[in-house]
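Enquirer: Just input33.csv, nothing more (CSV, C-alpha atoms and all ligand atoms):
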```
chain,number,residue,atom,x,y,z
K,1,MET,CA,36.9,28.0,-0.1
K,2,ALA,CA,34.2,25.9,1.6
K,3,GLN,CA,34.6,22.2,1.0
K,4,LEU,CA,31.6,20.2,-0.1
K,5,ILE,CA,31.1,17.2,2.2
K,6,ALA,CA,29.0,14.2,0.9
K,7,PRO,CA,26.0,13.4,3.2
K,8,GLU,CA,27.4,9.9,3.8
K,9,GLN,CA,30.6,11.4,5.1
K,10,LEU,CA,28.7,13.6,7.5
K,11,LEU,CA,26.8,10.6,8.8
K,12,ALA,CA,29.9,8.4,9.0
K,13,PRO,CA,31.0,9.0,12.6
K,14,ARG,CA,27.6,8.3,14.1
K,15,LEU,CA,26.9,5.4,11.8
K,16,ASN,CA,30.2,3.7,12.4
K,17,SER,CA,30.4,4.1,16.1
K,18,HIS,CA,29.4,0.5,16.8
K,19,VAL,CA,31.7,-1.3,14.4
K,20,GLY,CA,32.6,-4.7,15.8
K,21,GLU,CA,29.8,-4.8,18.4
K,22,ILE,CA,27.1,-7.4,18.2
K,23,LEU,CA,23.7,-6.1,17.4
K,24,PRO,CA,21.2,-6.8,20.2
K,25,SER,CA,18.1,-8.9,19.3
K,26,THR,CA,15.8,-6.9,21.5
K,27,LEU,CA,15.2,-3.1,21.9
K,28,VAL,CA,15.7,-2.4,25.6
K,29,ASP,CA,15.8,1.1,27.1
K,30,GLY,CA,17.7,2.3,30.1
K,31,PHE,CA,14.8,1.3,32.4
K,32,GLY,CA,14.7,-2.3,31.2
K,33,ARG,CA,11.6,-1.8,29.1
K,34,VAL,CA,11.6,-4.1,26.1
K,35,HIS,CA,10.1,-2.6,22.9
K,36,ASN,CA,8.4,-5.1,20.7
K,37,ASN,CA,5.6,-2.8,19.4
K,38,LEU,CA,6.0,-0.4,16.5
K,39,ARG,CA,3.5,2.1,15.2
K,40,ILE,CA,4.1,3.1,11.6
K,41,SER,CA,2.4,6.2,10.3
K,42,ILE,CA,2.2,5.7,6.5
K,43,THR,CA,0.9,9.2,5.7
K,44,ASP,CA,0.3,12.5,7.4
K,45,ARG,CA,-2.7,13.1,5.1
K,46,CYS,CA,-6.3,12.7,6.2
K,47,ASP,CA,-9.8,13.1,4.8
K,48,PHE,CA,-11.1,14.2,8.2
K,49,ARG,CA,-10.1,17.2,10.4
K,50,CYS,CA,-10.9,16.0,13.9
K,51,VAL,CA,-10.8,19.0,16.3
K,52,TYR,CA,-8.6,17.1,18.8
K,53,CYS,CA,-6.0,16.2,16.2
K,54,MET,CA,-5.7,18.5,13.2
K,55,PRO,CA,-6.3,22.2,12.5
K,56,GLU,CA,-8.8,23.0,9.8
K,57,GLU,CA,-6.0,24.1,7.4
K,58,MET,CA,-3.1,21.7,7.2
K,59,GLU,CA,0.0,21.6,5.0
K,60,PHE,CA,0.9,18.0,4.2
K,61,TYR,CA,4.3,16.6,3.3
K,62,ALA,CA,5.3,16.4,-0.4
K,63,ARG,CA,5.2,12.9,-1.7
K,64,GLU,CA,9.0,12.5,-1.8
K,65,VAL,CA,9.2,13.3,1.9
K,66,LEU,CA,7.2,10.2,2.8
K,67,LEU,CA,8.9,6.8,3.2
K,68,THR,CA,8.1,4.7,0.1
K,69,TYR,CA,6.6,1.3,0.6
K,70,GLU,CA,9.9,-0.3,-0.2
K,71,GLU,CA,11.6,1.8,2.4
K,72,LEU,CA,8.9,1.0,4.9
K,73,GLN,CA,9.3,-2.7,4.3
K,74,ARG,CA,13.0,-2.5,4.7
K,75,LEU,CA,12.7,-0.6,8.0
K,76,ALA,CA,10.0,-2.9,9.2
K,77,GLY,CA,12.4,-5.8,8.5
K,78,ILE,CA,15.1,-4.1,10.5
K,79,PHE,CA,12.8,-3.6,13.5
K,80,VAL,CA,11.7,-7.2,13.3
K,81,ARG,CA,15.4,-8.2,13.5
K,82,LEU,CA,15.5,-6.1,16.7
K,83,GLY,CA,12.7,-8.0,18.3
K,84,VAL,CA,9.6,-6.1,17.1
K,85,ASP,CA,6.7,-8.5,16.5
K,86,LYS,CA,3.7,-6.2,16.6
K,87,ILE,CA,3.1,-3.5,14.0
K,88,ARG,CA,0.2,-1.1,13.8
K,89,LEU,CA,-0.3,1.0,10.7
K,90,THR,CA,-1.7,4.4,11.3
K,91,GLY,CA,-1.5,8.0,10.1
K,92,GLY,CA,-3.0,10.5,9.2
K,93,GLU,CA,-5.5,8.2,7.7
K,94,PRO,CA,-3.8,5.1,6.4
K,95,LEU,CA,-6.6,4.3,3.9
K,96,VAL,CA,-5.9,7.5,1.9
K,97,ARG,CA,-2.5,6.2,0.9
K,98,ARG,CA,-2.6,4.7,-2.5
K,99,ASP,CA,-2.3,0.9,-2.7
K,100,VAL,CA,-2.3,0.4,1.1
K,101,THR,CA,-3.3,-3.2,0.6
K,102,ARG,CA,0.0,-3.8,-1.2
K,103,LEU,CA,1.9,-2.7,1.9
K,104,VAL,CA,-0.3,-4.7,4.2
K,105,GLU,CA,0.3,-7.8,2.1
K,106,ALA,CA,4.1,-7.3,2.2
K,107,LEU,CA,4.1,-6.7,5.9
K,108,THR,CA,2.0,-9.8,6.7
K,109,ARG,CA,4.7,-11.8,4.9
K,110,LEU,CA,7.5,-10.5,7.1
K,111,PRO,CA,8.7,-13.5,9.1
K,112,GLY,CA,8.6,-12.6,12.8
K,113,ILE,CA,5.4,-10.4,12.7
K,114,ARG,CA,3.0,-11.9,15.2
K,115,ASP,CA,0.4,-9.1,15.0
K,116,LEU,CA,-0.3,-6.6,12.3
K,117,SER,CA,-3.2,-4.1,12.8
K,118,LEU,CA,-4.4,-0.9,11.4
K,119,THR,CA,-6.2,2.2,12.9
K,120,THR,CA,-8.6,4.0,10.6
K,121,ASN,CA,-11.2,6.8,10.8
K,122,GLY,CA,-13.5,4.3,9.0
K,123,GLY,CA,-14.6,6.8,6.3
K,124,ARG,CA,-13.2,4.5,3.5
K,125,LEU,CA,-13.5,1.2,5.3
K,126,GLU,CA,-16.5,0.0,3.4
K,127,GLN,CA,-14.4,0.1,0.2
K,128,PHE,CA,-11.3,-1.3,1.8
K,129,ALA,CA,-12.4,-3.9,4.3
K,130,GLN,CA,-12.4,-6.8,1.9
K,131,GLY,CA,-9.1,-5.9,0.3
K,132,LEU,CA,-7.4,-5.5,3.7
K,133,TRP,CA,-8.8,-8.9,4.8
K,134,ASP,CA,-7.6,-10.5,1.6
K,135,ALA,CA,-4.2,-8.9,2.0
K,136,GLY,CA,-3.9,-10.8,5.4
K,137,LEU,CA,-5.0,-8.1,7.9
K,138,ARG,CA,-7.0,-9.5,10.8
K,139,ARG,CA,-7.1,-6.7,13.4
K,140,ILE,CA,-8.6,-3.3,12.9
K,141,ASN,CA,-9.4,-0.3,15.1
K,142,VAL,CA,-12.0,2.2,14.0
K,143,SER,CA,-12.2,5.7,15.5
K,144,LEU,CA,-15.7,6.9,16.3
K,145,ASP,CA,-16.2,9.6,19.0
K,146,THR,CA,-19.9,10.1,18.9
K,147,LEU,CA,-23.1,8.2,17.9
K,148,ASP,CA,-24.8,11.4,16.7
K,149,ALA,CA,-24.4,12.5,13.1
K,150,GLU,CA,-24.5,16.2,13.9
K,151,ARG,CA,-21.9,16.0,16.6
K,152,PHE,CA,-19.8,13.8,14.3
K,153,LYS,CA,-19.8,16.7,11.8
K,154,GLU,CA,-18.7,19.1,14.5
K,155,LEU,CA,-15.9,16.9,15.8
K,156,THR,CA,-14.5,15.7,12.5
K,157,ARG,CA,-15.5,18.7,10.4
K,158,ARG,CA,-16.7,16.2,7.8
K,159,PRO,CA,-20.1,14.7,7.0
K,160,PHE,CA,-19.0,11.1,6.9
K,161,PHE,CA,-20.9,9.6,9.8
K,162,ASP,CA,-23.0,7.2,7.8
K,163,ALA,CA,-19.9,6.1,5.8
K,164,VAL,CA,-18.1,5.1,9.1
K,165,LEU,CA,-21.2,3.1,10.2
K,166,ARG,CA,-21.2,1.3,6.9
K,167,GLY,CA,-17.5,0.7,7.2
K,168,LEU,CA,-18.0,-0.9,10.6
K,169,GLU,CA,-20.7,-3.1,9.2
K,170,GLU,CA,-18.6,-4.2,6.3
K,171,ALA,CA,-15.6,-4.9,8.5
K,172,GLY,CA,-17.7,-7.2,10.6
K,173,ARG,CA,-19.2,-8.9,7.6
K,174,VAL,CA,-15.8,-9.5,6.1
K,175,GLY,CA,-14.7,-11.2,9.4
K,176,PHE,CA,-12.7,-8.7,11.5
K,177,HIS,CA,-13.2,-9.7,15.1
K,178,PRO,CA,-13.0,-8.2,17.6
K,179,ILE,CA,-13.4,-4.7,16.1
K,180,LYS,CA,-12.1,-2.1,18.5
K,181,VAL,CA,-13.9,1.3,18.4
K,182,ASN,CA,-11.7,4.2,19.7
K,183,ALA,CA,-13.5,7.2,21.1
K,184,VAL,CA,-11.6,10.3,22.3
K,185,ALA,CA,-13.1,11.3,25.6
K,186,MET,CA,-13.3,15.1,25.5
K,187,ARG,CA,-15.3,16.7,28.2
K,188,GLY,CA,-18.3,18.5,26.8
K,189,TYR,CA,-18.6,16.0,23.9
K,190,ILE,CA,-18.9,12.5,25.0
K,191,ASP,CA,-20.1,12.8,28.6
K,192,ASP,CA,-23.7,12.2,27.7
K,193,GLU,CA,-22.9,9.4,25.3
K,194,LEU,CA,-21.0,7.0,27.6
K,195,ILE,CA,-24.1,4.8,28.2
K,196,PRO,CA,-25.0,4.7,24.5
K,197,PHE,CA,-21.4,3.7,23.7
K,198,ALA,CA,-21.5,1.0,26.5
K,199,GLU,CA,-24.7,-0.3,24.9
K,200,LEU,CA,-23.0,-0.4,21.5
K,201,ALA,CA,-20.2,-2.5,23.0
K,202,ARG,CA,-22.8,-4.8,24.6
K,203,SER,CA,-25.1,-5.1,21.5
K,204,ARG,CA,-22.5,-5.4,18.8
K,205,ARG,CA,-19.6,-6.8,20.8
K,206,PHE,CA,-17.3,-4.1,19.7
K,207,GLN,CA,-14.5,-3.4,22.2
K,208,VAL,CA,-15.2,0.3,22.8
K,209,ARG,CA,-12.1,2.0,24.1
K,210,PHE,CA,-12.2,5.5,25.5
K,211,ILE,CA,-9.0,7.5,25.0
K,212,GLU,CA,-8.3,10.4,27.3
K,213,PHE,CA,-7.9,13.6,25.3
K,214,MET,CA,-4.1,14.2,25.0
K,215,PRO,CA,-2.2,17.4,24.4
K,216,LEU,CA,-1.5,16.6,20.7
K,217,ASP,CA,-4.2,18.6,19.0
K,218,GLY,CA,-3.3,20.8,16.1
K,219,ASP,CA,-5.3,23.8,17.3
K,220,GLY,CA,-3.3,24.0,20.5
K,221,GLY,CA,-6.5,24.2,22.5
K,222,TRP,CA,-5.9,21.2,24.9
K,223,GLY,CA,-6.5,21.9,28.5
K,224,ARG,CA,-6.7,19.6,31.5
K,225,ALA,CA,-10.3,20.6,32.1
K,226,GLN,CA,-11.3,19.0,28.8
K,227,VAL,CA,-10.0,15.6,29.8
K,228,LEU,CA,-12.8,13.3,30.8
K,229,THR,CA,-10.8,10.9,32.9
K,230,ALA,CA,-10.8,7.2,32.7
K,231,ALA,CA,-12.0,6.9,36.3
K,232,GLU,CA,-15.0,9.1,35.6
K,233,ILE,CA,-15.9,7.1,32.5
K,234,VAL,CA,-15.7,3.8,34.4
K,235,GLN,CA,-17.8,5.1,37.3
K,236,THR,CA,-20.5,6.4,35.0
K,237,ILE,CA,-20.8,3.2,33.0
K,238,HIS,CA,-20.5,1.0,36.1
K,239,ALA,CA,-23.4,2.8,37.7
K,240,VAL,CA,-25.7,1.5,35.0
K,241,TYR,CA,-23.9,-1.6,33.7
K,242,PRO,CA,-21.7,-3.0,36.5
K,243,LEU,CA,-18.1,-3.6,35.5
K,244,GLU,CA,-15.2,-5.6,36.7
K,245,ARG,CA,-11.6,-4.9,35.8
K,246,VAL,CA,-9.9,-7.6,33.8
K,247,SER,CA,-6.5,-6.1,32.8
K,248,PRO,CA,-3.8,-7.5,35.0
K,249,ALA,CA,-1.6,-5.0,36.7
K,250,GLY,CA,1.6,-4.2,34.8
K,251,SER,CA,0.1,-5.1,31.4
K,252,SER,CA,1.8,-3.3,28.4
K,253,ASP,CA,-1.6,-2.8,26.7
K,254,PRO,CA,-2.3,0.9,27.0
K,255,ALA,CA,-6.0,0.1,27.5
K,256,THR,CA,-7.3,-1.0,30.9
K,257,LEU,CA,-10.1,-3.4,30.1
K,258,TYR,CA,-13.3,-4.0,32.0
K,259,ARG,CA,-15.9,-6.6,31.4
K,260,PHE,CA,-19.6,-6.3,32.0
K,261,LEU,CA,-20.5,-8.4,35.0
K,262,ASP,CA,-23.5,-9.9,33.2
K,263,GLY,CA,-21.2,-11.2,30.5
K,264,GLY,CA,-22.2,-8.5,27.9
K,265,GLY,CA,-18.8,-7.9,26.5
K,266,GLU,CA,-16.1,-5.4,27.5
K,267,ILE,CA,-14.9,-1.8,27.3
K,268,GLY,CA,-11.5,-0.2,27.7
K,269,VAL,CA,-10.1,3.1,28.9
K,270,ILE,CA,-6.8,4.5,27.9
K,271,PRO,CA,-5.8,6.8,30.9
K,272,THR,CA,-2.7,8.4,29.3
K,273,VAL,CA,-3.2,11.7,31.2
K,274,SER,CA,-4.7,10.8,34.5
K,275,GLU,CA,-2.9,7.5,35.2
K,276,PRO,CA,0.2,7.4,32.9
K,277,PHE,CA,1.3,3.9,32.0
K,278,CYS,CA,4.8,4.8,30.9
K,279,ALA,CA,6.4,2.3,33.2
K,280,THR,CA,5.2,-0.5,31.1
K,281,CYS,CA,5.5,1.2,27.7
K,282,ASN,CA,6.7,-1.1,24.9
K,283,ARG,CA,6.1,1.2,21.9
K,284,VAL,CA,8.1,3.1,19.5
K,285,ARG,CA,6.9,5.1,16.5
K,286,LEU,CA,8.0,5.7,13.0
K,287,THR,CA,6.6,8.9,11.4
K,288,ALA,CA,5.5,9.1,7.8
K,289,ASP,CA,8.6,11.2,7.0
K,290,GLY,CA,10.9,8.6,8.4
K,291,LYS,CA,11.7,9.8,12.0
K,292,LEU,CA,11.8,7.4,14.9
K,293,ARG,CA,10.2,8.6,18.1
K,294,TYR,CA,10.4,6.8,21.4
K,295,CYS,CA,7.4,8.6,22.9
K,296,LEU,CA,4.3,10.5,21.6
K,297,PHE,CA,5.1,13.4,23.9
K,298,ALA,CA,8.9,13.7,23.4
K,299,ASN,CA,10.2,16.1,20.8
K,300,GLN,CA,13.3,14.0,20.3
K,301,GLU,CA,13.4,12.2,16.9
K,302,THR,CA,16.0,10.2,15.1
K,303,ASP,CA,16.0,10.5,11.3
K,304,LEU,CA,16.2,7.1,9.7
K,305,LYS,CA,15.2,8.2,6.2
K,306,GLY,CA,18.2,10.5,5.7
K,307,PRO,CA,20.8,7.8,6.5
K,308,MET,CA,18.9,5.2,4.6
K,309,ARG,CA,18.7,7.4,1.5
K,310,ALA,CA,22.4,8.3,1.9
K,311,GLY,CA,23.3,4.6,1.7
K,312,ALA,CA,23.4,3.3,5.3
K,313,SER,CA,23.4,-0.4,5.7
K,314,ASP,CA,20.7,-2.3,7.6
K,315,GLU,CA,23.2,-2.8,10.4
K,316,GLN,CA,23.9,0.9,10.7
K,317,ILE,CA,20.2,1.8,10.7
K,318,ALA,CA,19.6,-0.9,13.3
K,319,TRP,CA,22.2,0.8,15.6
K,320,LEU,CA,20.5,4.2,15.2
K,321,ILE,CA,17.3,2.5,16.4
K,322,VAL,CA,19.0,0.7,19.3
K,323,ASP,CA,20.7,4.0,20.4
K,324,THR,CA,17.4,5.9,20.2
K,325,VAL,CA,15.5,3.4,22.4
K,326,ARG,CA,18.4,3.4,24.9
K,327,GLN,CA,17.9,7.2,25.3
K,328,LYS,CA,14.1,6.8,26.0
K,329,TRP,CA,13.0,8.8,29.0
K,330,ALA,CA,11.2,7.4,32.0
K,331,GLY,CA,7.9,8.9,31.0
K,332,HIS,CA,5.9,11.8,29.7
K,333,LEU,CA,5.8,15.1,31.6
K,334,ILE,CA,2.2,16.0,31.1
K,335,ASN,CA,1.5,16.2,34.8
K,336,GLN,CA,4.6,18.2,35.7
K,337,THR,CA,4.8,21.9,35.9
K,338,GLY,CA,6.5,23.4,32.8
K,339,PHE,CA,5.2,20.6,30.5
K,340,GLU,CA,5.4,21.8,26.9
K,341,LYS,CA,3.1,20.4,24.2
K,342,PRO,CA,5.0,18.5,21.5
K,343,ILE,CA,5.8,20.5,18.4
K,344,ARG,CA,4.1,18.0,16.0
K,345,ASN,CA,0.4,17.2,16.3
K,346,MET,CA,-1.1,13.7,16.5
K,347,SER,CA,-1.7,13.3,12.7
K,348,GLN,CA,2.0,14.2,12.0
K,349,ILE,CA,3.3,11.7,14.6
K,350,GLY,CA,0.9,8.8,14.2
K,351,GLY,CA,-1.5,7.8,16.9
X,1,LIG,N1,-6.9,8.5,11.1
X,1,LIG,C1,-6.9,7.3,11.9
X,1,LIG,C2,-8.0,7.4,12.9
X,1,LIG,O1,-8.5,8.5,13.2
X,1,LIG,O2,-8.2,6.4,13.5
X,1,LIG,C3,-5.6,7.0,12.4
X,1,LIG,C4,-4.7,8.1,13.0
X,1,LIG,S1,-5.4,8.8,14.5
X,1,LIG,C5,-4.1,10.0,14.8
X,1,LIG,C6,-5.1,7.5,15.7
X,1,LIG,C7,-5.9,7.7,16.9
X,1,LIG,O3,-5.5,8.8,17.6
X,1,LIG,C8,-7.4,7.8,16.7
X,1,LIG,O4,-8.1,6.9,17.4
X,1,LIG,C9,-7.7,9.2,17.2
X,1,LIG,O5,-9.0,9.3,17.7
X,1,LIG,C10,-6.6,9.4,18.2
X,1,LIG,N2,-6.3,10.8,18.6
X,1,LIG,C11,-6.0,11.8,17.7
X,1,LIG,N3,-5.8,12.9,18.4
X,1,LIG,C12,-5.9,12.6,19.7
X,1,LIG,C13,-5.8,13.4,20.9
X,1,LIG,N4,-5.4,14.7,20.9
X,1,LIG,N5,-6.0,12.7,22.1
X,1,LIG,C14,-6.3,11.4,22.1
X,1,LIG,N6,-6.5,10.7,21.0
X,1,LIG,C15,-6.3,11.3,19.8
X,2,LIG,FE1,-7.6,12.3,10.7
X,2,LIG,FE2,-7.4,10.4,12.5
X,2,LIG,FE3,-6.5,12.8,13.0
X,2,LIG,FE4,-9.1,12.5,12.8
X,2,LIG,S1,-7.8,11.5,14.3
X,2,LIG,S2,-7.9,14.1,11.8
X,2,LIG,S3,-9.2,10.9,11.3
X,2,LIG,S4,-5.7,11.5,11.6
```
Kindly return the structure encoded in the file as structure tokens.

Expert:
Amino acid sequence: MAQLIAPEQLLAPRLNSHVGEILPSTLVDGFGRVHNNLRISITDRCDFRCVYCMPEEMEFYAREVLLTYEELQRLAGIFVRLGVDKIRLTGGEPLVRRDVTRLVEALTRLPGIRDLSLTTNGGRLEQFAQGLWDAGLRRINVSLDTLDAERFKELTRRPFFDAVLRGLEEAGRVGFHPIKVNAVAMRGYIDDELIPFAELARSRRFQVRFIEFMPLDGDGGWGRAQVLTAAEIVQTIHAVYPLERVSPAGSSDPATLYRFLDGGGEIGVIPTVSEPFCATCNRVRLTADGKLRYCLFANQETDLKGPMRAGASDEQIAWLIVDTVRQKWAGHLINQTGFEKPIRNMSQIGG
């Protein structure tokens, strides 16, 4: 007769493989990269359906599949013990999760967190900006890929352009500064808006950051030809508003920053595809369903939720994290023949 094995017994060998060892205080991978930056996806749900991210029809995780706020706080505390001092909340759309300000408040109180930020599509920002500020959040990124209401509807499949603009206004009024505006650079969409975006950066002092289109779309339509490259973006803007690179070589910030030579602010480009910056990567990701990923483009994930719910101690979970980071690969394989698109799309991983 088959014997029933309790989940904690199944997990035991892996969880107990470091008994007696001293837990490291930093997350270092096999290439010497130190990981102090954690992105937490707090939900896979979203009120937009951006063409570069989600399919029109999407099945979301059931509530019990998501990490609870208590679980998220516990895991965040373990990451902090391992040297993480930067956390970004993302999704899906983080502002669709109920009581998000409660989570923000709890995380800002975690000793050791130097920088807590949040990425939002901006659709609900007008309602939430003050609450987020009051909860202690000081840094916010707002995604906006076009300055044209009709194109916005085409890209996000939702008519919330004005709401996002009002959200940006409100975030500025409340005190968020600088506000970063993320624009996905898909060829055929943003090419003719680079100068208007540069002008937005200059007039409003938003830090506009153009993100190269990555193979993480839910429709599976990504192609290299649709990637408007960072170099093309910089050249186009530089021809009208001369730019000077300000990011030092070897920075772990994924954005390469440029300032307008006349002092009119700055823009950034995130050249994930054309000029990968994996060598300086310091990021790991926790998905809404409790999986740890060491790279956006790797399919390898370590389940943290299962062991946690089966009774693993903080120390045991910490070792799962340490071991996962130790296995991190040198870099993504987008530019190599045979590259396979990750199984999960961006909204399921957390951008
Ligand atoms: N819903 C929030 C938002 O849109 O800002 C947060 C989650 S979203 C997945 C995080 C960031 O990933 C956004 O700035 C979005 O534009 C970007 N993104 C989504 N899919 C992408 C893709 N295929 N390539 C590049 N950036 C992408
Ligand atoms: Fe939603 Fe953000 Fe993905 Fe757009 S990019 S569908 S707003 S998660």

Enquirer: So what do you get for atom C3 of ligand LIG 1 (chain X) versus CA of Arg209 (chain K), distance-wise?

Expert: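 Distance reported for this atom pair: 14.3 Å.
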
Enquirer: Mind listing the residues within 6 Å of ligand LIG 2 (chain X), all atoms listed in the file counted, as a ChimeraX atom specification?

Expert: /K:46,48-50,53-54,91-93,121,347

Enquirer: Using only C-alpha atoms and all ligand atoms, pick whichever of K:Glu150, K:Asp162, K:Asp145, K:Asp192 has the shortest atom-to-atom distance to ligand LIG 1 (chain X).

Expert: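 Ranking K:Glu150, K:Asp162, K:Asp145, K:Asp192 by distance to ligand LIG 1 (chain X), first place goes to K:Asp145.
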
Enquirer: Val208 (chain K): which residues within 7 Å, counting all atoms listed in the file, same-chain residues fewer than 2 positions away excluded, as a list in words?

Expert: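 Skipping anything fewer than 2 positions along the chain leaves Lys180, Val181, Asn182, Ala201, Phe206, Phe210, Ile267 and Gly268 of chain K.
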
Enquirer: As a list of chain:residue names, please: the residues near Ile42 (chain K) (cut-off 7 Å, all atoms listed in the file, same-chain neighbours under 4 positions excluded).

Expert: K:Leu89, K:Thr90, K:Gly91, K:Pro94, K:Ala288

Enquirer: One decimal, in Å: what's the spacing between CA of Gly112 (chain K) and CA of Asp44 (chain K)?

Expert: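 According to the coordinates, CA of Gly112 (chain K) and CA of Asp44 (chain K) are separated by 27.0 Å.
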
Enquirer: In Å to one decimal, how far is CA of Asn37 (chain K) from CA of Val284 (chain K)?

Expert: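 Taking CA of Val284 (chain K) and CA of Asn37 (chain K), their separation equals 6.4 Å.
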
Enquirer: Tell me, as a short mmCIF file (atom, residue, chain, number, x, y, z; two decimals) with C-alpha atoms, in the frame of the given file, which residues lie within 10 Å of region 135-141 of chain K, counting all atoms listed in the file; anything in the same chain fewer than 4 positions away does not count.

Expert:
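Output contents, as saved in out04.cif:
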```cif
data_model
loop_
_atom_site.label_atom_id
_atom_site.label_comp_id
_atom_site.auth_asym_id
_atom_site.auth_seq_id
_atom_site.Cartn_x
_atom_site.Cartn_y
_atom_site.Cartn_z
CA ARG K 88 0.20 -1.10 13.80
CA LEU K 89 -0.30 1.00 10.70
CA THR K 90 -1.70 4.40 11.30
CA VAL K 100 -2.30 0.40 1.10
CA THR K 101 -3.30 -3.20 0.60
CA ARG K 102 0.00 -3.80 -1.20
CA LEU K 103 1.90 -2.70 1.90
CA VAL K 104 -0.30 -4.70 4.20
CA GLU K 105 0.30 -7.80 2.10
CA ALA K 106 4.10 -7.30 2.20
CA LEU K 107 4.10 -6.70 5.90
CA THR K 108 2.00 -9.80 6.70
CA ARG K 109 4.70 -11.80 4.90
CA ASP K 115 0.40 -9.10 15.00
CA LEU K 116 -0.30 -6.60 12.30
CA SER K 117 -3.20 -4.10 12.80
CA LEU K 118 -4.40 -0.90 11.40
CA THR K 119 -6.20 2.20 12.90
CA THR K 120 -8.60 4.00 10.60
CA ASN K 121 -11.20 6.80 10.80
CA GLY K 122 -13.50 4.30 9.00
CA ALA K 129 -12.40 -3.90 4.30
CA GLN K 130 -12.40 -6.80 1.90
CA GLY K 131 -9.10 -5.90 0.30
CA LEU K 168 -18.00 -0.90 10.60
CA ALA K 171 -15.60 -4.90 8.50
CA VAL K 174 -15.80 -9.50 6.10
CA GLY K 175 -14.70 -11.20 9.40
CA PHE K 176 -12.70 -8.70 11.50
CA HIS K 177 -13.20 -9.70 15.10
CA PRO K 178 -13.00 -8.20 17.60
CA ILE K 179 -13.40 -4.70 16.10
CA LYS K 180 -12.10 -2.10 18.50
CA VAL K 181 -13.90 1.30 18.40
CA ASN K 182 -11.70 4.20 19.70
CA PHE K 206 -17.30 -4.10 19.70
CA GLN K 207 -14.50 -3.40 22.20
CA VAL K 208 -15.20 0.30 22.80
CA ARG K 209 -12.10 2.00 24.10
#
```

Enquirer: Within 8 Å of Thr146 (chain K), counting only C-alpha atoms, which residues qualify if same-chain residues fewer than 6 places away don't, as a PyMOL selection string?

Expert: chain K and resi 152+183+189-190+193
